[in-house]
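Take a look at the structure set out below.
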Amino acid sequence: MSAVAVAPATFARPRKELSVPAGPVPERVAGHPLSLGRDARARLGGAVRALLAVAGLDGASDAVRLAVLVLASRTPSETGMVRIRTSELGRWIGLSASYVASEVLPVLRRSGVVSVDTAEGEYGQDDGLECRVLPLWAAQDVVGHPLNLAKKEYATLLRLLEAVMGPGWTLRDGRVIPAGLIGTRTGRGAATDRLALLLLVLEARETGRVRQCGGTVDTKRGRAAATVARLLGCTASAGERVLERLEDRELVLRVRLRTGSGLASRSRLMLPAVAAAHGRTVADDAQEDRAKASKPEFSDPDVAARASEAPELETESQVSGVPVTDEAGVAEPDVTAALHTDHPYLVTPVIPMQLSRGFSGEGRGGNDDLPDRACVREDQAANGGSTAATTGSPVAGGGPLRGEKLKESPVDERVEQRAAVAGAGGRLKAVGGRKAQQRRVGLPADLRLRVALGPVAWLWERLSGWQQDQVEAAAKAELARLAGLGVAPEGAPRMLADRLTNRLQETGGEALVDKPFPWLVRRGLPQRPACSHRKCDDGVRLDIGDDCENCGNIIHLRRARRARIGADIDRELPGLADGERRRVFEERLREQSVIEAEDLAWRREQARVEQARRDAARAAATERAEAERAAAAAADAVRQALPCEDCGQQRAAGLCERCDHRRQTEALIGQAGLFAAAWSAALTDPGSVAAVAAGVRTAIGDSVAIAWQEFLQITDVSALQANPEAAQDAYAFAALQTAQQAVQECQDTALAMLGQTSEAEAEAWRAYKTEQGRHWFKHNPHGADAIAAAIKAADTARERVAEHLLATRLEQLRELAPRTAGAVIA
């Protein structure tokens, strides 16, 4: 191997440590709440996002969403019940106790996400709270569910929230626990800022850098503001305001990087506290990136890198031959190359030398047309041979004479064009009609795909751009299919990740996968049912996560079949040798398998026939329902065309609105008469009942007249006189409203009068004495609590008896004396 080939590995420059701009660099403390590992960050981030995506929180305020996260972090894994005071919950989300009691708790109750039991305080407010986050509790013991958290994960989430937004406490022994990073932020917008910082911490890497959103964003706001807006689910302008408030508190840094032209084009979104928790810093890293972007190492394109000057390749190349110097260099997808014409940091590939005599230019492969000396093309023999072939380059030796037209192969032309384009602009472009595929170093931005493809991240980096697109599409299709099989949408990514992990264990690890793309699309991602059940995957049910019962049944049946065949052979052909018995056993086993296959094909055919019959029946039922709907629509059209039965108005559907109001008014007057007669008249005397009904009718008529006069005082009388039809409609409606009020008043009066009867009083006294004699009042039966409870029970009993008497008397008026009822209605 030549010195040029080993230069990048031998002379790689070490990374520089970064420094925090404010204050000394803290030492990394083991177990710091903000120093989350990759798995813990993904696990907690998935749980937080699953909670925020619950249907009950759609349209809820950030204070309500943050309150759900706080209650979830304080949830005991054994009982699921959180006990907290309203004021303490308000301190966690940065709002007052009154606001929490009036604006947050009612929304939590209506959402169905949190069950809230309250203990009233001194003034009747919600003071003590017993809350249970229902989705979190329902997901317990559900395999693969993102909310199925272990006890240590609950503890980690609580410590994370304390470090981010803990309000701070003063203990009884005088010790003070300081507030979190944003724990002192209170008032308007505090819940939004706290929620935003928490989501950013869960998205931040060990370096404190937050992966920004991709795609097209508002250039006036910036990609960092769009990232915060997408995390919160708000507009870009609101995300920018939140980001500015966090920057004012020095919790978030937006580092602007300059390109080669000096323009501040790219940006980073960084959290210094997260970087410090991992023992890292951010300022020097940003300064180094600015220096790299503004000052290229090779200003002269004619100067080539020697072995001791080979540039550093910090990450693998996304496209063959075009290295990526740092992940931050492509932090924004829109920026892929520096705005200058200097050559990129390329390592010249090496062609194995056939002859090596130490001459300059023998190992060059970047330009395969460099001669060793000026007269190399002139020292050719007459027969076409080259006398300089032993000392020159093997590529140069076969070239034409000086002055002849240089002919190169299409492959060489494309190689030189690609090298020229990459050297001029730093970006690989399509040459010769072929589209250049750029490989993505990291996993897709979609969180579900990042979780699902996490176990094969190393294989993902080995794929080309086209292969990554195909694998991403296959993963999305598999997630959709898992959701269709009954798997919870939030648990499908974790289940697919477990599948890939198991398949890698079967293979022996990622290092043994020599062809990543075929392995992923044919072996890693597809479902492998071990039986005929559509939810079976390698003997495990996808919807419940347990062993597939159908697979167990199949194994049991196969074992029973083999045992039965063996017993038949021993009974029918005793004394066979082992080899002969094995042959007979295999023949009968094959025959039984053929029979079972034919039976399975017959049953499938029967299932198809039955399915076709059901489809035909369903289609017939649909046609019948359509015909019935059409018939109903036609009948309704005919009914709408009928005139009014009372006044003869055309197209009134048999009864116009005015006549309908009149009929309802007459029915209500009769009902009011029955209510009045039920307590004031003799039920067996038709004259008495009729007299009461007549009095009620007269009273309702007077009320209608009064209501009509009041209506005339507030309306334009001339308009009513000009339109008599409208006046009659208004009068009918006013009469209906008055009759409805009269019926309610007559019913209330009847209940009140019947509640004063001897039957009601006797029942009330019995209920009073019974309640007063309860065993919990036996020590003080005449106390205030006992008397209040007894009075309440007596009133309830009195109302119950009054309702029963009213129903009984109305039934008597309708059934025992039909003439009385007829007189009332007449």
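Residue numbering restarts at 1 in every chain; chains get A, B, ... in the order shown in the structure tokens, and ligands count up from 1 in that same order.
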Q.
Need to verify the contact set: A:Ala191, 6 Å, only C-alpha atoms, exclusion of same-chain residues closer than 5 positions in sequence. Can you return it as a ChimeraX atom specification?
A. /A:62-63,93
Q. Got a sec to tell me which of stretch 708-809 of chain A DSSP assigns to alpha helix (DSSP H), as a PyMOL selection string?
A. chain A and resi 708-714+717-722+724-754+758-772+784-809
Q: For A:Leu736, work out the shell of residues within 8 Å, counting only C-alpha atoms and skipping chain neighbours fewer than 5 positions away, then give it as a count of residues only.
A: 4
Q) Mind checking DSSP for stretch 32-224 of chain A and telling me the strand (DSSP E or B) residues as a list in words? A)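 So, restricting stretch 32-224 of chain A to strand (DSSP E or B), we get Val82, Arg83, Ile84, Arg85, Val114, Ser115, Val116, Asp117, Thr118, Ala119, Glu120, Asp126, Asp127, Gly128, Leu129, Glu130, Cys131, Arg132, Val133, Trp169, Thr170, Val176, Ile177, Ala204, Arg209 and Val210 of chain A.
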(Q) List the spatial neighbours of A:Leu500 as number ranges by chain - criterion: any atom at most 10 Å away, only C-alpha atoms, same-chain residues fewer than 3 positions off excluded. (A) A: 452-456, 494-497, 503-506, 520, 523-526
Q: Rank nothing, just name the residue among A:Gly59, A:Gly180, A:Pro106, A:Gly233 nearest to A:Trp92, using only C-alpha atoms.
A: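 Checking each candidate against A:Trp92, we get A:Gly180 as the closest.
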Q: Find the residue from A:Val521, A:Val743, A:Ala619, A:Ala641 that sits nearest to A:Leu674; use only C-alpha atoms when measuring.
A: A:Val743
Q. Can you tell me how far atom CA of A:Gln671 sits from atom CA of A:Val692, in Å to one decimal?
A. 12.0 Å
Q.
I'd like the neighbourhood of A:Gly673 as a list in words, where a residue qualifies if any of its atoms comes within 8 Å (using only C-alpha atoms), though same-chain residues fewer than 3 positions away should be ignored.
A. Ile669, Gly670, Ala676, Ala677, Val692, Ala693, Ala694, Val696, Arg697 and Val824 of chain A
